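Listing of input_12.pdb, PDB, C-alpha atoms
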```pdb
ATOM      1  CA  MET A   1       0.000   0.000   0.000
ATOM      2  CA  HIS A   2       1.265   3.522  -0.845
ATOM      3  CA  THR A   3       2.721   5.675   1.986
ATOM      4  CA  HIS A   4       0.138   8.448   1.553
ATOM      5  CA  THR A   5      -2.686   5.874   1.747
ATOM      6  CA  LEU A   6      -1.308   4.569   5.044
ATOM      7  CA  LEU A   7      -1.038   8.139   6.306
ATOM      8  CA  LEU A   8      -4.658   8.827   5.467
ATOM      9  CA  LEU A   9      -5.873   5.684   7.173
ATOM     10  CA  LEU A  10      -3.817   6.545  10.260
ATOM     11  CA  LEU A  11      -5.337  10.014  10.448
ATOM     12  CA  LEU A  12      -8.821   8.548  10.079
ATOM     13  CA  LEU A  13      -8.164   6.220  12.997
ATOM     14  CA  LEU A  14      -6.889   9.081  15.135
ATOM     15  CA  LYS A  15      -9.967  11.174  14.288
ATOM     16  CA  PRO A  16     -12.819   8.642  14.274
ATOM     17  CA  GLY A  17     -15.768  11.087  14.399
ATOM     18  CA  VAL A  18     -18.139  10.904  11.430
ATOM     19  CA  CYS A  19     -19.569  14.054   9.917
ATOM     20  CA  GLU A  20     -23.268  14.257  10.732
ATOM     21  CA  SER A  21     -24.080  16.489   7.730
ATOM     22  CA  CYS A  22     -21.772  15.225   5.027
ATOM     23  CA  SER A  23     -21.885  17.540   2.014
ATOM     24  CA  LEU A  24     -19.587  15.446  -0.161
ATOM     25  CA  VAL A  25     -20.984  14.490  -3.567
ATOM     26  CA  VAL A  26     -19.234  12.003  -5.830
ATOM     27  CA  SER A  27     -20.027  12.046  -9.529
ATOM     28  CA  PRO A  28     -20.933  10.207 -11.540
ATOM     29  CA  ALA A  29     -23.149   8.214  -9.171
ATOM     30  CA  GLY A  30     -21.799   5.057 -10.801
ATOM     31  CA  LEU A  31     -19.076   4.440 -13.355
ATOM     32  CA  VAL A  32     -19.039   1.647 -15.951
ATOM     33  CA  VAL A  33     -15.650   1.265 -17.630
ATOM     34  CA  LYS A  34     -14.325  -1.154 -20.226
ATOM     35  CA  TYR A  35     -11.203  -2.970 -19.046
ATOM     36  CA  GLY A  36      -8.118  -0.968 -20.028
ATOM     37  CA  ALA A  37     -10.027   2.237 -20.805
ATOM     38  CA  PRO A  38      -9.452   5.588 -19.042
ATOM     39  CA  ALA A  39     -11.690   6.573 -16.123
ATOM     40  CA  SER A  40     -12.257   9.536 -13.861
ATOM     41  CA  GLY A  41     -14.397  10.686 -10.943
ATOM     42  CA  TYR A  42     -15.243  14.001  -9.382
ATOM     43  CA  CYS A  43     -15.736  14.893  -5.717
ATOM     44  CA  THR A  44     -17.260  18.177  -4.495
ATOM     45  CA  SER A  45     -18.151  19.753  -1.148
ATOM     46  CA  ASP A  46     -20.365  22.665  -0.135
ATOM     47  CA  THR A  47     -17.593  24.195   2.000
ATOM     48  CA  VAL A  48     -13.878  24.714   1.670
ATOM     49  CA  THR A  49     -12.234  21.783   3.382
ATOM     50  CA  SER A  50      -9.401  19.259   3.268
ATOM     51  CA  MET A  51     -10.188  16.521   0.738
ATOM     52  CA  GLY A  52      -8.497  13.461  -0.668
ATOM     53  CA  TRP A  53      -8.913  10.405  -2.891
ATOM     54  CA  VAL A  54      -7.702   6.955  -1.865
ATOM     55  CA  THR A  55      -7.702   4.296  -4.561
ATOM     56  CA  SER A  56      -5.784   1.219  -5.653
ATOM     57  CA  GLN A  57      -5.123   2.645  -9.111
ATOM     58  CA  GLY A  58      -4.688   6.129 -10.499
ATOM     59  CA  GLU A  59      -3.690   9.274  -8.699
ATOM     60  CA  SER A  60      -4.292   9.152  -4.930
ATOM     61  CA  GLN A  61      -4.393  12.601  -3.407
ATOM     62  CA  VAL A  62      -4.236  12.791   0.378
ATOM     63  CA  PHE A  63      -5.504  15.827   2.270
ATOM     64  CA  ARG A  64      -5.350  18.635  -0.167
ATOM     65  CA  PRO A  65      -6.318  21.579   2.071
ATOM     66  CA  GLY A  66      -8.516  24.531   1.152
ATOM     67  CA  VAL A  67     -10.433  22.944  -1.728
ATOM     68  CA  LYS A  68     -14.091  22.335  -2.586
ATOM     69  CA  GLU A  69     -13.509  19.861  -5.422
ATOM     70  CA  LEU A  70     -11.056  17.153  -6.365
ATOM     71  CA  THR A  71     -10.717  14.843  -9.390
ATOM     72  CA  TRP A  72      -9.508  11.247  -9.602
ATOM     73  CA  ARG A  73      -8.412   9.815 -12.918
ATOM     74  CA  VAL A  74      -6.613   6.814 -14.369
ATOM     75  CA  ASP A  75      -5.351   6.359 -17.923
ATOM     76  CA  SER A  76      -5.983   2.607 -18.135
ATOM     77  CA  LEU A  77      -8.242   0.937 -15.587
ATOM     78  CA  THR A  78      -7.152  -2.664 -14.929
ATOM     79  CA  ASP A  79      -8.248  -3.301 -11.321
ATOM     80  CA  TRP A  80     -11.450  -5.379 -11.359
ATOM     81  CA  ASN A  81     -12.243  -4.631  -7.693
ATOM     82  CA  ILE A  82     -11.383  -0.963  -7.536
ATOM     83  CA  LYS A  83     -13.360   1.209  -5.065
ATOM     84  CA  PRO A  84     -12.157   4.829  -5.183
ATOM     85  CA  GLN A  85     -13.003   6.732  -1.966
ATOM     86  CA  CYS A  86     -13.219  10.479  -1.508
ATOM     87  CA  PHE A  87     -12.553  11.838   2.021
ATOM     88  CA  GLU A  88     -13.355  15.104   3.644
ATOM     89  CA  MET A  89     -11.734  16.111   6.978
ATOM     90  CA  SER A  90     -12.621  19.032   9.228
ATOM     91  CA  GLU A  91     -11.869  19.852  12.842
ATOM     92  CA  GLU A  92     -15.485  20.704  13.565
ATOM     93  CA  GLY A  93     -17.292  17.950  11.659
ATOM     94  CA  GLY A  94     -14.915  15.021  11.747
ATOM     95  CA  GLN A  95     -14.517  12.766   8.717
ATOM     96  CA  CYS A  96     -16.794  12.191   5.752
ATOM     97  CA  VAL A  97     -16.371   9.443   3.144
ATOM     98  CA  ARG A  98     -18.051   8.776  -0.223
ATOM     99  CA  VAL A  99     -17.322   5.769  -2.439
ATOM    100  CA  LEU A 100     -17.394   5.923  -6.229
ATOM    101  CA  ASN A 101     -19.067   2.729  -7.455
ATOM    102  CA  VAL A 102     -17.054   1.421 -10.410
ATOM    103  CA  THR A 103     -17.917  -1.558 -12.618
ATOM    104  CA  VAL A 104     -15.158  -2.830 -14.882
ATOM    105  CA  TYR A 105     -16.375  -5.009 -17.747
ATOM    106  CA  LYS A 106     -15.010  -7.169 -20.521
ATOM    107  CA  LEU A 107     -16.922  -8.588 -23.495
ATOM    108  CA  PRO A 108     -16.687 -12.354 -24.120
ATOM    109  CA  ASP A 109     -13.873 -13.707 -26.239
ATOM    110  CA  ARG A 110     -16.226 -16.299 -27.697
ATOM    111  CA  VAL A 111     -19.748 -17.732 -27.359
ATOM    112  CA  SER A 112     -20.400 -21.305 -28.499
ATOM    113  CA  ILE A 113     -23.182 -23.906 -28.310
ATOM    114  CA  ARG A 114     -23.014 -27.694 -28.300
ATOM    115  CA  TYR A 115     -24.828 -30.827 -27.194
ATOM    116  CA  LEU A 116     -23.423 -32.463 -24.088
ATOM    117  CA  ASN A 117     -22.263 -36.044 -24.765
ATOM    118  CA  HIS A 118     -24.057 -36.238 -28.106
ATOM    119  CA  SER A 119     -23.394 -35.715 -31.803
ATOM    120  CA  GLY A 120     -25.382 -36.324 -34.971
ATOM    121  CA  PRO A 121     -29.192 -36.437 -35.390
ATOM    122  CA  VAL A 122     -31.529 -36.208 -32.399
ATOM    123  CA  VAL A 123     -34.677 -38.304 -31.900
ATOM    124  CA  GLU A 124     -38.123 -36.882 -31.269
ATOM    125  CA  GLY A 125     -39.224 -37.220 -27.637
ATOM    126  CA  HIS A 126     -35.717 -37.893 -26.301
ATOM    127  CA  GLN A 127     -34.082 -35.369 -23.978
ATOM    128  CA  TYR A 128     -30.780 -33.663 -24.717
ATOM    129  CA  SER A 129     -28.643 -31.116 -22.886
ATOM    130  CA  LEU A 130     -27.678 -28.003 -24.839
ATOM    131  CA  HIS A 131     -24.732 -26.072 -23.417
ATOM    132  CA  CYS A 132     -23.874 -22.449 -24.154
ATOM    133  CA  VAL A 133     -20.281 -21.622 -23.213
ATOM    134  CA  VAL A 134     -19.255 -17.991 -22.680
ATOM    135  CA  GLN A 135     -15.509 -17.463 -22.495
ATOM    136  CA  ASN A 136     -13.540 -14.849 -20.541
ATOM    137  CA  THR A 137     -16.126 -12.197 -19.661
ATOM    138  CA  ALA A 138     -16.858  -9.971 -16.659
ATOM    139  CA  PRO A 139     -18.732  -9.253 -14.521
ATOM    140  CA  ILE A 140     -20.704 -12.487 -14.757
ATOM    141  CA  GLU A 141     -23.667 -11.207 -12.703
ATOM    142  CA  HIS A 142     -24.567  -8.821 -15.547
ATOM    143  CA  LEU A 143     -24.482 -11.561 -18.194
ATOM    144  CA  ARG A 144     -27.791 -12.763 -19.653
ATOM    145  CA  VAL A 145     -27.712 -15.872 -21.854
ATOM    146  CA  THR A 146     -30.580 -16.716 -24.213
ATOM    147  CA  PHE A 147     -31.177 -19.988 -26.065
ATOM    148  CA  PHE A 148     -33.211 -19.550 -29.234
ATOM    149  CA  LYS A 149     -34.340 -21.493 -32.287
ATOM    150  CA  VAL A 150     -34.305 -20.345 -35.914
ATOM    151  CA  SER A 151     -36.899 -22.199 -38.010
ATOM    152  CA  THR A 152     -36.551 -22.947 -41.718
ATOM    153  CA  ASN A 153     -38.527 -19.784 -42.588
ATOM    154  CA  GLY A 154     -36.144 -17.606 -40.548
ATOM    155  CA  GLU A 155     -38.461 -17.079 -37.578
ATOM    156  CA  GLN A 156     -36.710 -16.868 -34.195
ATOM    157  CA  THR A 157     -38.225 -18.418 -31.062
ATOM    158  CA  VAL A 158     -36.762 -17.831 -27.588
ATOM    159  CA  LEU A 159     -36.439 -21.130 -25.721
ATOM    160  CA  TYR A 160     -34.885 -20.057 -22.414
ATOM    161  CA  THR A 161     -33.111 -17.109 -20.769
ATOM    162  CA  GLN A 162     -30.756 -17.496 -17.816
ATOM    163  CA  GLN A 163     -28.843 -15.101 -15.555
ATOM    164  CA  LEU A 164     -26.493 -16.084 -12.727
ATOM    165  CA  ASN A 165     -26.505 -14.660  -9.219
ATOM    166  CA  ASN A 166     -22.755 -14.409  -8.881
ATOM    167  CA  ASP A 167     -20.729 -11.452  -7.574
ATOM    168  CA  ILE A 168     -17.360 -12.494  -9.048
ATOM    169  CA  ARG A 169     -15.922  -9.393 -10.720
ATOM    170  CA  GLU A 170     -12.938 -10.921 -12.549
ATOM    171  CA  PRO A 171     -13.326 -12.574 -16.002
ATOM    172  CA  VAL A 172     -14.526 -16.188 -15.950
ATOM    173  CA  ASN A 173     -15.597 -18.943 -18.327
ATOM    174  CA  GLU A 174     -19.195 -19.991 -17.688
ATOM    175  CA  SER A 175     -21.458 -22.706 -19.091
ATOM    176  CA  PHE A 176     -25.251 -22.401 -19.256
ATOM    177  CA  SER A 177     -27.500 -25.388 -19.980
ATOM    178  CA  LEU A 178     -30.945 -26.118 -21.443
ATOM    179  CA  GLN A 179     -32.769 -29.447 -21.371
ATOM    180  CA  PHE A 180     -34.185 -29.853 -24.873
ATOM    181  CA  SER A 181     -36.739 -32.408 -26.135
ATOM    182  CA  PRO A 182     -37.097 -32.066 -29.935
ATOM    183  CA  THR A 183     -40.237 -32.614 -32.007
ATOM    184  CA  SER A 184     -40.726 -33.090 -35.724
ATOM    185  CA  VAL A 185     -41.273 -29.321 -36.063
ATOM    186  CA  ASP A 186     -37.616 -28.816 -35.043
ATOM    187  CA  ASP A 187     -36.286 -30.825 -37.983
ATOM    188  CA  ARG A 188     -33.843 -28.675 -40.029
ATOM    189  CA  ALA A 189     -34.103 -25.812 -37.523
ATOM    190  CA  GLN A 190     -31.026 -24.163 -36.007
ATOM    191  CA  MET A 191     -30.251 -24.014 -32.276
ATOM    192  CA  CYS A 192     -28.316 -20.945 -31.143
ATOM    193  CA  CYS A 193     -27.429 -18.967 -28.031
ATOM    194  CA  SER A 194     -26.486 -15.370 -27.332
ATOM    195  CA  ALA A 195     -24.753 -13.575 -24.452
ATOM    196  CA  MET A 196     -25.814 -10.046 -23.501
ATOM    197  CA  LEU A 197     -23.807  -7.935 -21.068
ATOM    198  CA  ASP A 198     -26.497  -5.709 -19.571
ATOM    199  CA  LEU A 199     -24.726  -3.100 -17.441
ATOM    200  CA  GLY A 200     -27.721  -0.835 -16.926
ATOM    201  CA  PRO A 201     -28.277   2.750 -18.095
ATOM    202  CA  GLN A 202     -24.676   3.736 -17.293
ATOM    203  CA  GLY A 203     -23.281   0.967 -19.499
ATOM    204  CA  PRO A 204     -23.044   0.848 -23.301
ATOM    205  CA  GLN A 205     -26.371   1.257 -25.125
ATOM    206  CA  PRO A 206     -27.779  -0.867 -26.528
ATOM    207  CA  PRO A 207     -26.260  -3.589 -24.359
ATOM    208  CA  PRO A 208     -23.633  -5.517 -26.360
ATOM    209  CA  VAL A 209     -24.701  -8.976 -27.572
ATOM    210  CA  MET A 210     -22.510 -11.767 -28.921
ATOM    211  CA  GLU A 211     -24.108 -14.777 -30.659
ATOM    212  CA  SER A 212     -22.806 -18.283 -31.129
ATOM    213  CA  GLU A 213     -22.635 -20.115 -34.389
ATOM    214  CA  CYS A 214     -25.837 -22.143 -34.730
ATOM    215  CA  LEU A 215     -26.255 -25.913 -34.639
ATOM    216  CA  ASN A 216     -28.045 -27.411 -37.637
ATOM    217  CA  THR A 217     -30.595 -29.807 -36.155
ATOM    218  CA  THR A 218     -31.697 -33.031 -37.806
ATOM    219  CA  VAL A 219     -34.599 -34.660 -35.981
ATOM    220  CA  HIS A 220     -35.492 -38.302 -36.548
ATOM    221  CA  PHE A 221     -39.219 -38.840 -36.024
ATOM    222  CA  ALA A 222     -41.925 -41.420 -36.682
ATOM    223  CA  PRO A 223     -44.192 -41.173 -39.765
ATOM    224  CA  GLU A 224     -46.930 -38.517 -39.833
ATOM    225  CA  PHE A 225     -49.873 -38.353 -42.264
ATOM    226  CA  SER A 226     -51.100 -34.990 -43.535
ATOM    227  CA  CYS A 227     -54.055 -36.093 -45.712
ATOM    228  CA  SER A 228     -57.640 -35.955 -44.415
ATOM    229  CA  ALA A 229     -59.840 -38.910 -43.529
ATOM    230  CA  LYS A 230     -62.069 -38.245 -46.591
ATOM    231  CA  LEU A 231     -60.765 -37.587 -50.084
ATOM    232  CA  GLN A 232     -62.698 -36.507 -53.182
ATOM    233  CA  VAL A 233     -60.820 -37.366 -56.366
ATOM    234  CA  ARG A 234     -61.912 -36.905 -59.996
ATOM    235  CA  ALA A 235     -62.127 -39.951 -62.199
ATOM    236  CA  GLY A 236     -58.907 -40.473 -64.089
ATOM    237  CA  GLU A 237     -56.757 -38.852 -61.441
ATOM    238  CA  GLY A 238     -54.348 -40.660 -59.100
ATOM    239  CA  LEU A 239     -54.711 -41.431 -55.409
ATOM    240  CA  THR A 240     -52.084 -39.868 -53.121
ATOM    241  CA  CYS A 241     -51.605 -39.132 -49.443
ATOM    242  CA  ASP A 242     -48.706 -37.066 -48.050
ATOM    243  CA  VAL A 243     -46.565 -38.817 -45.450
ATOM    244  CA  ARG A 244     -43.532 -37.295 -43.736
ATOM    245  CA  GLY A 245     -40.968 -38.814 -41.435
ATOM    246  CA  ASN A 246     -37.232 -38.963 -40.879
ATOM    247  CA  PRO A 247     -35.770 -41.275 -42.050
ATOM    248  CA  LEU A 248     -38.142 -41.330 -45.030
ATOM    249  CA  PRO A 249     -40.792 -43.969 -44.235
ATOM    250  CA  SER A 250     -41.949 -46.809 -46.425
ATOM    251  CA  VAL A 251     -45.715 -46.683 -47.163
ATOM    252  CA  THR A 252     -48.016 -49.643 -47.776
ATOM    253  CA  TRP A 253     -51.575 -49.293 -49.164
ATOM    254  CA  LEU A 254     -54.278 -51.828 -48.264
ATOM    255  CA  ARG A 255     -57.891 -52.306 -49.293
ATOM    256  CA  ASP A 256     -60.030 -54.974 -47.684
ATOM    257  CA  GLY A 257     -56.901 -56.269 -45.970
ATOM    258  CA  LYS A 258     -55.016 -56.747 -49.245
ATOM    259  CA  MET A 259     -51.894 -54.883 -50.318
ATOM    260  CA  LEU A 260     -52.098 -52.907 -53.529
ATOM    261  CA  THR A 261     -50.459 -50.169 -55.522
ATOM    262  CA  PRO A 262     -52.444 -46.922 -55.211
ATOM    263  CA  PRO A 263     -54.480 -46.392 -58.432
ATOM    264  CA  THR A 264     -53.125 -43.798 -60.849
ATOM    265  CA  HIS A 265     -56.378 -43.545 -62.899
ATOM    266  CA  LEU A 266     -59.345 -43.771 -60.575
ATOM    267  CA  SER A 267     -62.726 -45.145 -61.681
ATOM    268  CA  ARG A 268     -66.069 -45.758 -59.933
ATOM    269  CA  GLU A 269     -64.858 -49.160 -58.752
ATOM    270  CA  ASP A 270     -61.932 -47.566 -56.864
ATOM    271  CA  ALA A 271     -64.188 -45.719 -54.401
ATOM    272  CA  GLY A 272     -64.138 -46.985 -50.808
ATOM    273  CA  ASN A 273     -61.919 -47.219 -47.734
ATOM    274  CA  TYR A 274     -58.140 -47.532 -47.895
ATOM    275  CA  THR A 275     -55.651 -48.133 -45.081
ATOM    276  CA  LEU A 276     -52.128 -46.747 -45.195
ATOM    277  CA  MET A 277     -49.289 -48.165 -43.124
ATOM    278  CA  ALA A 278     -46.073 -46.098 -42.807
ATOM    279  CA  LEU A 279     -42.897 -47.383 -41.166
ATOM    280  CA  ASN A 280     -39.378 -46.160 -40.414
ATOM    281  CA  ARG A 281     -36.836 -47.133 -37.759
ATOM    282  CA  ILE A 282     -38.269 -44.587 -35.284
ATOM    283  CA  GLY A 283     -41.843 -45.857 -35.355
ATOM    284  CA  LYS A 284     -44.954 -46.586 -37.416
ATOM    285  CA  ALA A 285     -48.337 -45.035 -38.100
ATOM    286  CA  ASN A 286     -51.639 -46.130 -39.686
ATOM    287  CA  HIS A 287     -54.203 -43.972 -41.444
ATOM    288  CA  THR A 288     -57.619 -44.832 -42.954
ATOM    289  CA  VAL A 289     -59.041 -42.709 -45.738
ATOM    290  CA  GLU A 290     -62.470 -42.829 -47.409
ATOM    291  CA  VAL A 291     -62.202 -42.139 -51.144
ATOM    292  CA  GLU A 292     -65.032 -40.684 -53.217
ATOM    293  CA  VAL A 293     -64.592 -40.694 -57.005
ATOM    294  CA  LEU A 294     -66.194 -37.763 -58.865
ATOM    295  CA  HIS A 295     -67.202 -38.797 -62.398
ATOM    296  CA  ASP A 296     -66.994 -36.523 -65.453
ATOM    297  CA  ARG A 297     -70.702 -36.944 -66.231
ATOM    298  CA  ALA A 298     -71.681 -35.703 -62.811
ATOM    299  CA  ALA A 299     -69.256 -32.845 -63.142
ATOM    300  CA  ARG A 300     -70.680 -31.902 -66.578
ATOM    301  CA  GLY A 301     -74.234 -32.146 -65.208
ATOM    302  CA  ALA A 302     -73.378 -29.795 -62.370
ATOM    303  CA  SER A 303     -71.773 -27.401 -64.867
ATOM    304  CA  CYS A 304     -74.846 -27.467 -67.175
ATOM    305  CA  GLN A 305     -77.156 -26.898 -64.219
ATOM    306  CA  ALA A 306     -75.141 -23.862 -63.179
ATOM    307  CA  ALA A 307     -75.190 -22.489 -66.755
ATOM    308  CA  GLY A 308     -78.956 -23.010 -66.992
ATOM    309  CA  SER A 309     -79.541 -21.143 -63.753
ATOM    310  CA  ALA A 310     -77.491 -18.231 -65.040
ATOM    311  CA  THR A 311     -79.509 -18.097 -68.304
ATOM    312  CA  VAL A 312     -82.846 -18.065 -66.461
ATOM    313  CA  ALA A 313     -81.635 -15.223 -64.239
ATOM    314  CA  LEU A 314     -80.587 -13.174 -67.295
ATOM    315  CA  LEU A 315     -83.948 -13.660 -69.060
ATOM    316  CA  LEU A 316     -85.850 -12.738 -65.918
ATOM    317  CA  HIS A 317     -83.817  -9.534 -65.573
ATOM    318  CA  GLN A 318     -84.578  -8.549 -69.230
ATOM    319  CA  LEU A 319     -88.316  -9.265 -68.754
ATOM    320  CA  ILE A 320     -88.542  -7.023 -65.718
ATOM    321  CA  HIS A 321     -86.716  -4.270 -67.611
ATOM    322  CA  TRP A 322     -89.192  -4.555 -70.592
ATOM    323  CA  LEU A 323     -92.275  -4.427 -68.337
ATOM    324  CA  TYR A 324     -91.123  -1.248 -66.652
TER
END
```

Is it possible to express this structure as structure tokens?
Amino acid sequence: MHTHTLLLLLLLLLKPGVCESCSLVVSPAGLVVKYGAPASGYCTSDTVTSMGWVTSQGESQVFRPGVKELTWRVDSLTDWNIKPQCFEMSEEGGQCVRVLNVTVYKLPDRVSIRYLNHSGPVVEGHQYSLHCVVQNTAPIEHLRVTFFKVSTNGEQTVLYTQQLNNDIREPVNESFSLQFSPTSVDDRAQMCCSAMLDLGPQGPQPPPVMESECLNTTVHFAPEFSCSAKLQVRAGEGLTCDVRGNPLPSVTWLRDGKMLTPPTHLSREDAGNYTLMALNRIGKANHTVEVEVLHDRAARGASCQAAGSATVALLLHQLIHWLY
């Protein structure tokens, strides 16, 4: 400890009275400084007095008499736990102390995301641990980590946000985790995380954010049918039903318990109930569909009926116009 700091502490011990009406004001009220950047503080008093700054870094000024203001400054702030203190001493009022609250911060060197003890595709319904690792940042209590998903259409969905209750002021490496159970909707989505250093209104605005590279997610899931339970198909058209799954499932068509190839040119005889069976290594699914075949004659009849109705309406309109 510097000699003048020891002298100040000795004088404070010899004169322990505390000023009842302390007029000292330290500004700014709080200081947020990037590691290695310059910093300064300002101390003022309502009356002419003896003042001093005691600090672990920068210029310490002990008992400068006959002043109402005093400045502390440092060219490169590198003390993570610095607490500059401004003192006022008077024979009548005793001692008065104000502390300048300083927060020294450092942005992360890197933010990354990974699965814990897993690589490759994930399986629907299984649980996995996603880890977001933030390297060499401070102070950790102001760090907010967000896990989010980017879907195939670019839409972002926040999955989880976490903030630690930790008063360590020096840079640390920290890992944040999320328990993740994928569904088929997550197939081909990207899993990402971001780290925001939110230092309040006195810190940089907007708060700095660093994002990880994203994980491309492949989800293996059982077959899913997307066709309805009733299908209307025109005669001559083919019979189809959309099935998705990963890996791509095999699909079997059955009618009356017998396997068949789905018709590519439907006729009246092809109407009825069909059962579809889809299978991949994740699971299987069955789907029953009732097929109605619309014939051309019926379609033409409906078209002629519509045309006839339109003609009658036109003639009726002309008749009313002639009568009036």

A:His142, A:Gly236, A:Gly200, A:Cys214 ranked by distance to Glu269 (chain A), top pick (using only C-alpha atoms):
A:Gly236

Just so the selection is clear, what residues does the PyMOL selection byres ((chain A and resi 226-233) around 9) cover here, as a PyMOL selection string?
chain A and resi 224-225+234-244+266+287-295

Quick one: of A:Val251, A:Leu130, A:Val33, A:Val111, who's nearest to Val209 (chain A), counting all atoms listed in the file?
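The answer is A:Val111, which sits nearest to Val209 (chain A).
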
Counting only C-alpha atoms, write as a PyMOL selection string all protein and nucleic acid residues lying at most 10 Å from (-19.3, 22.0, 1.6) in the file's frame.
chain A and resi 21-25+44-49+67-69+88

Since I can't run it myself right now, could you work out what the PyMOL selection byres ((chain A and resi 173-189) around 6) selects here and report it as a CSV table (one decimal) with C-alpha atoms, keeping the file's coordinate frame?
```
chain,number,residue,atom,x,y,z
A,124,GLU,CA,-38.1,-36.9,-31.3
A,125,GLY,CA,-39.2,-37.2,-27.6
A,126,HIS,CA,-35.7,-37.9,-26.3
A,127,GLN,CA,-34.1,-35.4,-24.0
A,128,TYR,CA,-30.8,-33.7,-24.7
A,129,SER,CA,-28.6,-31.1,-22.9
A,130,LEU,CA,-27.7,-28.0,-24.8
A,131,HIS,CA,-24.7,-26.1,-23.4
A,132,CYS,CA,-23.9,-22.4,-24.2
A,133,VAL,CA,-20.3,-21.6,-23.2
A,134,VAL,CA,-19.3,-18.0,-22.7
A,135,GLN,CA,-15.5,-17.5,-22.5
A,136,ASN,CA,-13.5,-14.8,-20.5
A,150,VAL,CA,-34.3,-20.3,-35.9
A,151,SER,CA,-36.9,-22.2,-38.0
A,152,THR,CA,-36.6,-22.9,-41.7
A,172,VAL,CA,-14.5,-16.2,-16.0
A,190,GLN,CA,-31.0,-24.2,-36.0
A,217,THR,CA,-30.6,-29.8,-36.2
A,218,THR,CA,-31.7,-33.0,-37.8
A,219,VAL,CA,-34.6,-34.7,-36.0
A,221,PHE,CA,-39.2,-38.8,-36.0
```

Convert the output of the PyMOL selection byres ((chain A and resi 193) around 8) on the shown file into explicit residues, formatted as a list in words.
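Checking the PyMOL selection byres ((chain A and resi 193) around 8) against this file, the residues are Val111, Ser112, Ile113, Cys132, Val145, Thr146, Phe147, Phe148, Met191, Cys192, Ser194, Ala195, Glu211, Ser212 and Cys214 of chain A.
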
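The two atoms in question, CA of Gln95 (chain A) and CA of Thr55 (chain A), are spaced 17.2 Å apart.
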
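Interatomic distance, CA of Arg64 (chain A) against CA of Asn81 (chain A): 25.4 Å.
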
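Atom pair CA of Arg98 (chain A) / CA of Arg73 (chain A) has a distance of 16.0 Å (rounded to one decimal).
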
Got a sec: who's within 9 Å of region 70-72 of chain A, counting only C-alpha atoms, leaving out chain neighbours fewer than 2 positions off, as a PyMOL selection string?
chain A and resi 39-44+51-53+55+58-61+64+67-68+74+84+86

Which one of A:Met196, A:Ser119, A:Asn280, A:Leu248 sits closest to Pro208 (chain A) if you count all atoms listed in the file?
A:Met196

Export of region 190-199 of chain A: N, CA, C and O atoms, as a PDB file, in the first residue's frame:
```pdb
ATOM      1  N   GLN A 190     -32.341 -24.443 -36.566  1.00  0.00           N
ATOM      2  CA  GLN A 190     -31.026 -24.163 -36.007  1.00  0.00           C
ATOM      3  C   GLN A 190     -31.165 -23.783 -34.537  1.00  0.00           C
ATOM      4  O   GLN A 190     -32.049 -23.007 -34.168  1.00  0.00           O
ATOM      5  N   MET A 191     -30.289 -24.332 -33.701  1.00  0.00           N
ATOM      6  CA  MET A 191     -30.251 -24.014 -32.276  1.00  0.00           C
ATOM      7  C   MET A 191     -29.064 -23.091 -32.010  1.00  0.00           C
ATOM      8  O   MET A 191     -27.936 -23.389 -32.404  1.00  0.00           O
ATOM      9  N   CYS A 192     -29.335 -21.973 -31.350  1.00  0.00           N
ATOM     10  CA  CYS A 192     -28.316 -20.945 -31.143  1.00  0.00           C
ATOM     11  C   CYS A 192     -28.397 -20.420 -29.711  1.00  0.00           C
ATOM     12  O   CYS A 192     -29.378 -20.666 -28.998  1.00  0.00           O
ATOM     13  N   CYS A 193     -27.376 -19.675 -29.305  1.00  0.00           N
ATOM     14  CA  CYS A 193     -27.429 -18.967 -28.031  1.00  0.00           C
ATOM     15  C   CYS A 193     -26.717 -17.634 -28.178  1.00  0.00           C
ATOM     16  O   CYS A 193     -25.872 -17.442 -29.057  1.00  0.00           O
ATOM     17  N   SER A 194     -27.094 -16.698 -27.316  1.00  0.00           N
ATOM     18  CA  SER A 194     -26.486 -15.370 -27.332  1.00  0.00           C
ATOM     19  C   SER A 194     -26.164 -14.953 -25.903  1.00  0.00           C
ATOM     20  O   SER A 194     -26.815 -15.389 -24.949  1.00  0.00           O
ATOM     21  N   ALA A 195     -25.159 -14.091 -25.760  1.00  0.00           N
ATOM     22  CA  ALA A 195     -24.753 -13.575 -24.452  1.00  0.00           C
ATOM     23  C   ALA A 195     -24.831 -12.052 -24.486  1.00  0.00           C
ATOM     24  O   ALA A 195     -24.181 -11.410 -25.318  1.00  0.00           O
ATOM     25  N   MET A 196     -25.666 -11.497 -23.605  1.00  0.00           N
ATOM     26  CA  MET A 196     -25.814 -10.046 -23.501  1.00  0.00           C
ATOM     27  C   MET A 196     -25.214  -9.562 -22.184  1.00  0.00           C
ATOM     28  O   MET A 196     -25.525 -10.093 -21.126  1.00  0.00           O
ATOM     29  N   LEU A 197     -24.373  -8.546 -22.268  1.00  0.00           N
ATOM     30  CA  LEU A 197     -23.807  -7.935 -21.068  1.00  0.00           C
ATOM     31  C   LEU A 197     -24.612  -6.662 -20.783  1.00  0.00           C
ATOM     32  O   LEU A 197     -24.376  -5.614 -21.377  1.00  0.00           O
ATOM     33  N   ASP A 198     -25.580  -6.803 -19.883  1.00  0.00           N
ATOM     34  CA  ASP A 198     -26.497  -5.709 -19.571  1.00  0.00           C
ATOM     35  C   ASP A 198     -26.005  -4.983 -18.322  1.00  0.00           C
ATOM     36  O   ASP A 198     -26.224  -5.421 -17.199  1.00  0.00           O
ATOM     37  N   LEU A 199     -25.356  -3.851 -18.536  1.00  0.00           N
ATOM     38  CA  LEU A 199     -24.726  -3.100 -17.441  1.00  0.00           C
ATOM     39  C   LEU A 199     -25.562  -1.911 -16.990  1.00  0.00           C
ATOM     40  O   LEU A 199     -25.058  -1.020 -16.292  1.00  0.00           O
TER      41      LEU A 199
END
```
